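These notes are about the structure you will find just below.
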Amino acid sequence: MRAWAVDRPGPMGSRPLRIVERPVPVPRPGEVLVRVEACGVCRTDLHLAEGDLAPRRPLTTPGHQVVGRVVRPGGSDGGRVGVAWLRSTCGSCRYCLRDSENLCPRSTYTGWDADGGFAEYLTAPAAYVYPLPEDVPAGRLAPLLCAGIVGYRALLRCDLPPGGRLGVYGFGASAHLTAQAAIARGAVVHVVTRSPAHRELALELGAASALDRPPEPLDAAILFAPSGDLVPAALEALDRGGTLAVAGIHLTDIPSLNYDRHLFQERTLRSVTANTREDGRAYLDLVRTHPPVVRSVSYAFEDVDQALTDLSNDQVKGAAVMHVS
């Protein structure tokens, strides 16, 4: 089979990925073999390619928003499934036992600890894949498996009250899905982004504003852009008792905070770490009753490096999705 692998992490201009030929992987006990239809291209994949996220193994194949079909013994197709970021947990530590499996110290991740979906096949533990509908195009499903699920967890972590005012900083794949989930729950959403195209999309999807800063105090906010420089401004925009959730695996350094301006009046700063399978199931249930508009840009398998380059240059309006022909 063909697969993309991170050869030498570095800027996308240095072409850190290359296509390799590998045997089709053999599933271990408890795993399934999945033939890939499509895979979303996530900013986490970009962090791995460029070295912001340290590789855990040589020549790793990224990709963790996989839509595919289970290959049964003998080669026949089984059900359609989604393979997401969280690949496995120990199931026995204090975090797993308190329903916080996303914090499991022995957790593993698709496309980081094990080869992911920028390939024609991958394996995944059967207990960690999600059943997917047959009648929805793969390009609409793929972004839901990380951009949607992790964004949903960020929405839970920011403690947005019913009908509250939510600030969304950055407006890429995850933000454009999370904003719709918040609006479906009655929130007023204010988007902060510099991109004219992203501002246009935010307003089209129902945001109340898309500006350089929120026009009113916020009850909650989510930072999707991987820029620590935005944290002080996002905290300062919160109303009393507001919460800022940082939804990313990588963030540049946060500048010094002023206690009175940024944290006093019980403002809260929180991180978001991956997701639990319950988050995934809850989000996929939500989108069945409130289907989001999924804006995606399609790329051929051979153009994964171009998709990552476009993502690096903020040239993707919505989500990038790689399709296997």
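Residue numbering restarts at 1 for every chain of the structure tokens, chains are lettered A, B, ... in their displayed order, and ligands are numbered from 1 as they appear.
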Which of segment 60-294 of chain A counts as strand (DSSP E or B) under DSSP, as a PyMOL selection string please? chain A and resi 66-71+77-83+86-88+108-110+114+119+121-125+129-131+165-169+188-192+209-211+218-223+238-246+268-271
Find the spatial neighbours of Asn102 of chain A, counting only C-alpha atoms, within a cut-off of 10 Å - ignore same-chain residues fewer than 2 positions away - and output them as a tab-separated table (two decimals) with N, CA and C atoms, in the first residue's frame.
chain	number	residue	atom	x	y	z
A	86	LEU	N	-7.87	9.70	19.68
A	86	LEU	CA	-7.62	8.81	20.81
A	86	LEU	C	-7.64	7.37	20.33
A	88	SER	N	-6.06	4.51	22.21
A	88	SER	CA	-6.20	3.53	23.28
A	88	SER	C	-5.90	4.19	24.62
A	89	THR	N	-6.41	3.58	25.69
A	89	THR	CA	-6.08	3.97	27.06
A	89	THR	C	-5.91	2.68	27.87
A	95	TYR	N	-7.46	7.89	36.30
A	95	TYR	CA	-8.15	8.78	35.36
A	95	TYR	C	-9.18	8.00	34.54
A	96	CYS	N	-8.80	6.83	34.07
A	96	CYS	CA	-9.75	6.01	33.34
A	96	CYS	C	-10.93	5.62	34.22
A	99	ASP	N	-13.71	8.27	34.59
A	99	ASP	CA	-14.27	8.75	33.32
A	99	ASP	C	-13.48	9.93	32.73
A	100	SER	N	-12.18	9.95	33.00
A	100	SER	CA	-11.31	10.97	32.42
A	100	SER	C	-10.22	10.29	31.60
A	104	CYS	N	-5.37	9.74	30.65
A	104	CYS	CA	-4.64	8.50	30.94
A	104	CYS	C	-3.16	8.65	30.58
A	105	PRO	N	-2.24	8.41	31.52
A	105	PRO	CA	-0.80	8.55	31.20
A	105	PRO	C	-0.31	7.56	30.16
A	106	ARG	N	-1.05	6.47	29.95
A	106	ARG	CA	-0.64	5.47	28.96
A	106	ARG	C	-1.51	5.51	27.71
A	107	SER	N	-2.18	6.63	27.49
A	107	SER	CA	-2.99	6.78	26.29
A	107	SER	C	-2.10	6.83	25.05
A	108	THR	N	-2.63	6.37	23.94
A	108	THR	CA	-1.92	6.44	22.66
A	108	THR	C	-2.82	7.11	21.63
A	272	VAL	N	-7.49	22.08	27.07
A	272	VAL	CA	-8.32	20.98	26.58
A	272	VAL	C	-7.36	19.89	26.11
A	273	THR	N	-7.50	18.70	26.66
A	273	THR	CA	-6.61	17.59	26.32
A	273	THR	C	-7.40	16.48	25.65
A	274	ALA	N	-7.21	16.36	24.34
A	274	ALA	CA	-7.82	15.27	23.56
A	274	ALA	C	-9.32	15.19	23.85
A	275	ASN	N	-9.84	14.00	24.00
A	275	ASN	CA	-11.27	13.78	24.25
A	275	ASN	C	-11.46	12.37	24.81
A	276	THR	N	-12.60	12.14	25.38
A	276	THR	CA	-12.98	10.79	25.77
A	276	THR	C	-13.86	10.19	24.67
A	277	ARG	N	-14.02	8.88	24.71
A	277	ARG	CA	-14.93	8.26	23.74
A	277	ARG	C	-16.36	8.72	23.96
A	279	ASP	N	-17.22	11.73	24.78
A	279	ASP	CA	-17.31	12.99	24.03
A	279	ASP	C	-17.61	12.71	22.57
Enter the distance from atom CA of Ala175 of chain A to atom CA of Val293 of chain A, in Å, rounded to one decimal. 12.1 Å
Between atom CA of Ala187 of chain A and atom CA of Leu160 of chain A, what is the distance, to one decimal in Å?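 About the pair atom CA of Ala187 of chain A and atom CA of Leu160 of chain A: they are 8.1 Å apart.
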Any chance you could tabulate, as a tab-separated table, the residues of segment 111-218 of chain A at most 12 Å from segment 22-27 of chain A with each one's nearest atom pair and distance in Å to one decimal, using only C-alpha atoms, in chain and rising number order?
residue	atom	partner	partner_atom	distance
A:Ala114	CA	A:Pro25	CA	11.2
A:Asp115	CA	A:Pro25	CA	9.6
A:Gly116	CA	A:Pro25	CA	11.3
A:Ala119	CA	A:Arg22	CA	9.6
A:Glu120	CA	A:Val24	CA	8.3
A:Tyr121	CA	A:Val24	CA	6.4
A:Leu122	CA	A:Pro25	CA	6.4
A:Thr123	CA	A:Pro27	CA	5.7
A:Ala124	CA	A:Pro27	CA	7.6
A:Pro125	CA	A:Pro27	CA	8.6
A:Ala126	CA	A:Pro27	CA	10.0
Would you write out, as CSV, a table of all residues in segment 40-125 of chain A that have an atom no more than 12 Å from an atom of segment 219-243 of chain A, listing for each the closest atom pair and the distance in Å to one decimal, considering only C-alpha atoms and ordering rows by chain and rising residue number?
residue,atom,partner,partner_atom,distance
A:Arg43,CA,A:Pro226,CA,9.1
A:Thr44,CA,A:Pro226,CA,10.2
A:Leu46,CA,A:Pro226,CA,11.6
A:His47,CA,A:Pro226,CA,10.0
A:Asp52,CA,A:Pro226,CA,10.8
I'd like the contact shell of Thr309 of chain A - 12 Å cut-off, only C-alpha atoms, skipping same-chain residues fewer than 2 positions apart - returned as a list in words. Gly10, Pro11, Met12, Gly13, Ser14, Arg15, Pro16, Leu17, Val41, Cys42, Arg43, Asp45, Leu46, His47, Ala49, Glu50, Tyr299, Asp303, Val304, Asp305, Gln306, Ala307, Leu311, Ser312, Asn313, Asp314, Gln315, Val316 and Ala320 of chain A
File of the preceding selection, N, CA and C atoms, as a PDB file, in the first residue's frame:
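Saved the output as out.pdb:
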ATOM      1  N   GLY A  10      10.202  19.468   9.742  1.00  0.00           N
ATOM      2  CA  GLY A  10      10.680  20.805   9.446  1.00  0.00           C
ATOM      3  C   GLY A  10       9.600  21.596   8.741  1.00  0.00           C
ATOM      4  N   PRO A  11       9.878  22.847   8.387  1.00  0.00           N
ATOM      5  CA  PRO A  11       8.880  23.667   7.689  1.00  0.00           C
ATOM      6  C   PRO A  11       8.374  22.967   6.432  1.00  0.00           C
ATOM      7  N   MET A  12       7.134  23.227   6.078  1.00  0.00           N
ATOM      8  CA  MET A  12       6.558  22.539   4.933  1.00  0.00           C
ATOM      9  C   MET A  12       7.346  22.803   3.658  1.00  0.00           C
ATOM     10  N   GLY A  13       7.998  23.953   3.576  1.00  0.00           N
ATOM     11  CA  GLY A  13       8.823  24.246   2.410  1.00  0.00           C
ATOM     12  C   GLY A  13       9.994  23.297   2.239  1.00  0.00           C
ATOM     13  N   SER A  14      10.379  22.616   3.331  1.00  0.00           N
ATOM     14  CA  SER A  14      11.486  21.652   3.263  1.00  0.00           C
ATOM     15  C   SER A  14      11.004  20.247   2.894  1.00  0.00           C
ATOM     16  N   ARG A  15       9.707  20.090   2.626  1.00  0.00           N
ATOM     17  CA  ARG A  15       9.096  18.815   2.253  1.00  0.00           C
ATOM     18  C   ARG A  15       9.414  17.714   3.278  1.00  0.00           C
ATOM     19  N   PRO A  16       8.869  17.861   4.489  1.00  0.00           N
ATOM     20  CA  PRO A  16       9.191  16.899   5.554  1.00  0.00           C
ATOM     21  C   PRO A  16       8.532  15.534   5.389  1.00  0.00           C
ATOM     22  N   LEU A  17       7.518  15.413   4.521  1.00  0.00           N
ATOM     23  CA  LEU A  17       6.853  14.136   4.309  1.00  0.00           C
ATOM     24  C   LEU A  17       7.238  13.552   2.953  1.00  0.00           C
ATOM     25  N   VAL A  41      -7.344  16.536   7.346  1.00  0.00           N
ATOM     26  CA  VAL A  41      -5.979  17.040   7.556  1.00  0.00           C
ATOM     27  C   VAL A  41      -6.061  18.080   8.673  1.00  0.00           C
ATOM     28  N   CYS A  42      -5.439  17.771   9.801  1.00  0.00           N
ATOM     29  CA  CYS A  42      -5.584  18.543  11.026  1.00  0.00           C
ATOM     30  C   CYS A  42      -4.330  19.360  11.307  1.00  0.00           C
ATOM     31  N   ARG A  43      -4.504  20.440  12.063  1.00  0.00           N
ATOM     32  CA  ARG A  43      -3.335  21.234  12.442  1.00  0.00           C
ATOM     33  C   ARG A  43      -2.359  20.418  13.292  1.00  0.00           C
ATOM     34  N   ASP A  45      -1.545  17.363  12.646  1.00  0.00           N
ATOM     35  CA  ASP A  45      -0.695  16.726  11.637  1.00  0.00           C
ATOM     36  C   ASP A  45       0.393  17.692  11.169  1.00  0.00           C
ATOM     37  N   LEU A  46       0.024  18.965  11.026  1.00  0.00           N
ATOM     38  CA  LEU A  46       1.003  19.981  10.640  1.00  0.00           C
ATOM     39  C   LEU A  46       2.063  20.150  11.724  1.00  0.00           C
ATOM     40  N   HIS A  47       1.631  20.163  12.994  1.00  0.00           N
ATOM     41  CA  HIS A  47       2.606  20.282  14.092  1.00  0.00           C
ATOM     42  C   HIS A  47       3.586  19.114  14.072  1.00  0.00           C
ATOM     43  N   ALA A  49       4.424  17.275  11.384  1.00  0.00           N
ATOM     44  CA  ALA A  49       5.267  17.398  10.190  1.00  0.00           C
ATOM     45  C   ALA A  49       6.359  18.444  10.384  1.00  0.00           C
ATOM     46  N   GLU A  50       6.018  19.546  11.038  1.00  0.00           N
ATOM     47  CA  GLU A  50       6.978  20.647  11.169  1.00  0.00           C
ATOM     48  C   GLU A  50       7.845  20.545  12.415  1.00  0.00           C
ATOM     49  N   TYR A 299      -8.533  17.225  -1.338  1.00  0.00           N
ATOM     50  CA  TYR A 299      -7.200  17.007  -1.896  1.00  0.00           C
ATOM     51  C   TYR A 299      -7.067  15.543  -2.276  1.00  0.00           C
ATOM     52  N   ASP A 303      -1.576  14.735  -2.894  1.00  0.00           N
ATOM     53  CA  ASP A 303      -1.404  16.152  -2.575  1.00  0.00           C
ATOM     54  C   ASP A 303      -1.492  16.454  -1.084  1.00  0.00           C
ATOM     55  N   VAL A 304      -1.226  15.461  -0.243  1.00  0.00           N
ATOM     56  CA  VAL A 304      -1.283  15.696   1.200  1.00  0.00           C
ATOM     57  C   VAL A 304      -0.318  16.793   1.627  1.00  0.00           C
ATOM     58  N   ASP A 305       0.879  16.803   1.060  1.00  0.00           N
ATOM     59  CA  ASP A 305       1.837  17.839   1.442  1.00  0.00           C
ATOM     60  C   ASP A 305       1.336  19.230   1.056  1.00  0.00           C
ATOM     61  N   GLN A 306       0.602  19.327  -0.055  1.00  0.00           N
ATOM     62  CA  GLN A 306       0.016  20.613  -0.438  1.00  0.00           C
ATOM     63  C   GLN A 306      -1.080  21.025   0.532  1.00  0.00           C
ATOM     64  N   ALA A 307      -1.875  20.047   0.991  1.00  0.00           N
ATOM     65  CA  ALA A 307      -2.914  20.344   1.977  1.00  0.00           C
ATOM     66  C   ALA A 307      -2.303  20.906   3.257  1.00  0.00           C
ATOM     67  N   LEU A 311      -2.708  24.631   4.832  1.00  0.00           N
ATOM     68  CA  LEU A 311      -3.112  24.805   6.226  1.00  0.00           C
ATOM     69  C   LEU A 311      -2.127  25.707   6.956  1.00  0.00           C
ATOM     70  N   SER A 312      -0.849  25.508   6.708  1.00  0.00           N
ATOM     71  CA  SER A 312       0.186  26.331   7.336  1.00  0.00           C
ATOM     72  C   SER A 312       0.042  27.798   6.958  1.00  0.00           C
ATOM     73  N   ASN A 313      -0.404  28.041   5.733  1.00  0.00           N
ATOM     74  CA  ASN A 313      -0.533  29.414   5.226  1.00  0.00           C
ATOM     75  C   ASN A 313      -1.929  29.985   5.423  1.00  0.00           C
ATOM     76  N   ASP A 314      -2.767  29.304   6.228  1.00  0.00           N
ATOM     77  CA  ASP A 314      -4.140  29.749   6.501  1.00  0.00           C
ATOM     78  C   ASP A 314      -4.939  29.964   5.225  1.00  0.00           C
ATOM     79  N   GLN A 315      -4.766  29.066   4.275  1.00  0.00           N
ATOM     80  CA  GLN A 315      -5.454  29.180   2.989  1.00  0.00           C
ATOM     81  C   GLN A 315      -6.591  28.169   2.834  1.00  0.00           C
ATOM     82  N   VAL A 316      -6.928  27.471   3.909  1.00  0.00           N
ATOM     83  CA  VAL A 316      -8.016  26.490   3.853  1.00  0.00           C
ATOM     84  C   VAL A 316      -9.264  27.109   4.486  1.00  0.00           C
ATOM     85  N   ALA A 320      -9.629  20.751   5.606  1.00  0.00           N
ATOM     86  CA  ALA A 320      -8.956  20.073   4.500  1.00  0.00           C
ATOM     87  C   ALA A 320      -9.199  18.580   4.636  1.00  0.00           C
TER      88      ALA A 320
END
Please extract the residues of segment 149-217 of chain A with a backbone DSSP assignment of helix (DSSP H, G or I) and present them as a PyMOL selection string. chain A and resi 149-157+173-184+196-204
Mind running segment 81-106 of chain A against segment 143-155 of chain A at 8 Å and telling me each contacting residue's nearest atom pair with the distance in Å (one decimal), counting only C-alpha atoms, chain and number ascending, as a Markdown table?
| residue | atom | partner | partner_atom | distance |
| --- | --- | --- | --- | --- |
| A:Gly82 | CA | A:Leu145 | CA | 6.9 |
| A:Val83 | CA | A:Leu145 | CA | 7.2 |
| A:Ala84 | CA | A:Leu145 | CA | 5.3 |
| A:Trp85 | CA | A:Cys146 | CA | 6.5 |
Please dump the current selection as a PDB file, in the first residue's frame; keep N, CA, C and O atoms.
ATOM      1  N   GLY A  82     -15.287   5.320  11.763  1.00  0.00           N
ATOM      2  CA  GLY A  82     -14.396   6.457  11.897  1.00  0.00           C
ATOM      3  C   GLY A  82     -13.293   6.135  12.886  1.00  0.00           C
ATOM      4  O   GLY A  82     -13.541   5.532  13.936  1.00  0.00           O
ATOM      5  N   VAL A  83     -12.076   6.503  12.545  1.00  0.00           N
ATOM      6  CA  VAL A  83     -10.919   6.338  13.432  1.00  0.00           C
ATOM      7  C   VAL A  83     -10.464   7.734  13.828  1.00  0.00           C
ATOM      8  O   VAL A  83     -10.156   8.565  12.964  1.00  0.00           O
ATOM      9  N   ALA A  84     -10.422   7.992  15.125  1.00  0.00           N
ATOM     10  CA  ALA A  84     -10.155   9.337  15.631  1.00  0.00           C
ATOM     11  C   ALA A  84      -8.802   9.413  16.338  1.00  0.00           C
ATOM     12  O   ALA A  84      -8.009   8.471  16.320  1.00  0.00           O
ATOM     13  N   TRP A  85      -8.544  10.550  16.973  1.00  0.00           N
ATOM     14  CA  TRP A  85      -7.245  10.839  17.594  1.00  0.00           C
ATOM     15  C   TRP A  85      -6.937   9.871  18.730  1.00  0.00           C
ATOM     16  O   TRP A  85      -5.866   9.255  18.779  1.00  0.00           O
TER      17      TRP A  85
END
Non-local contacts of Met322 of chain A (10 Å; only C-alpha atoms; under 5 positions in same chain excluded) as a PyMOL selection string: chain A and resi 37-41+63+65-66+117-119+138-139+142+296-304+307
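Candidate residues A:Val67, A:Arg80, A:Val129, A:Leu203 were compared for distance to Gly280 of chain A, and the nearest is A:Val129, using only C-alpha atoms.
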Could you work out how far atom CA of Arg18 of chain A lies from atom CA of Asp113 of chain A, giving the answer in Å with one decimal? 18.4 Å
Which residues, written as a JSON list (two decimals) with C-alpha atoms, in the first residue's frame, have at least one atom at most 12 Å from Arg72 of chain A, with only C-alpha atoms counted and residues fewer than 2 positions away on the same chain left out?
[["chain", "number", "residue", "atom", "x", "y", "z"],
["A", 26, "VAL", "CA", -2.01, -6.94, 9.91],
["A", 27, "PRO", "CA", -4.45, -6.24, 12.78],
["A", 31, "GLU", "CA", -7.98, -4.55, 16.27],
["A", 32, "VAL", "CA", -9.67, -4.03, 12.92],
["A", 33, "LEU", "CA", -8.15, -3.39, 9.52],
["A", 34, "VAL", "CA", -9.66, -0.31, 7.86],
["A", 35, "ARG", "CA", -9.53, 0.57, 4.17],
["A", 69, "ARG", "CA", -14.53, 0.45, 5.90],
["A", 70, "VAL", "CA", -13.58, -2.50, 8.06],
["A", 74, "GLY", "CA", -10.76, -12.74, 3.26],
["A", 75, "GLY", "CA", -10.84, -9.14, 2.04],
["A", 76, "SER", "CA", -14.59, -8.40, 1.97],
["A", 77, "ASP", "CA", -15.93, -5.06, 3.19],
["A", 78, "GLY", "CA", -17.59, -4.69, 6.56],
["A", 79, "GLY", "CA", -19.17, -1.67, 8.21],
["A", 80, "ARG", "CA", -18.20, 1.96, 7.79]]
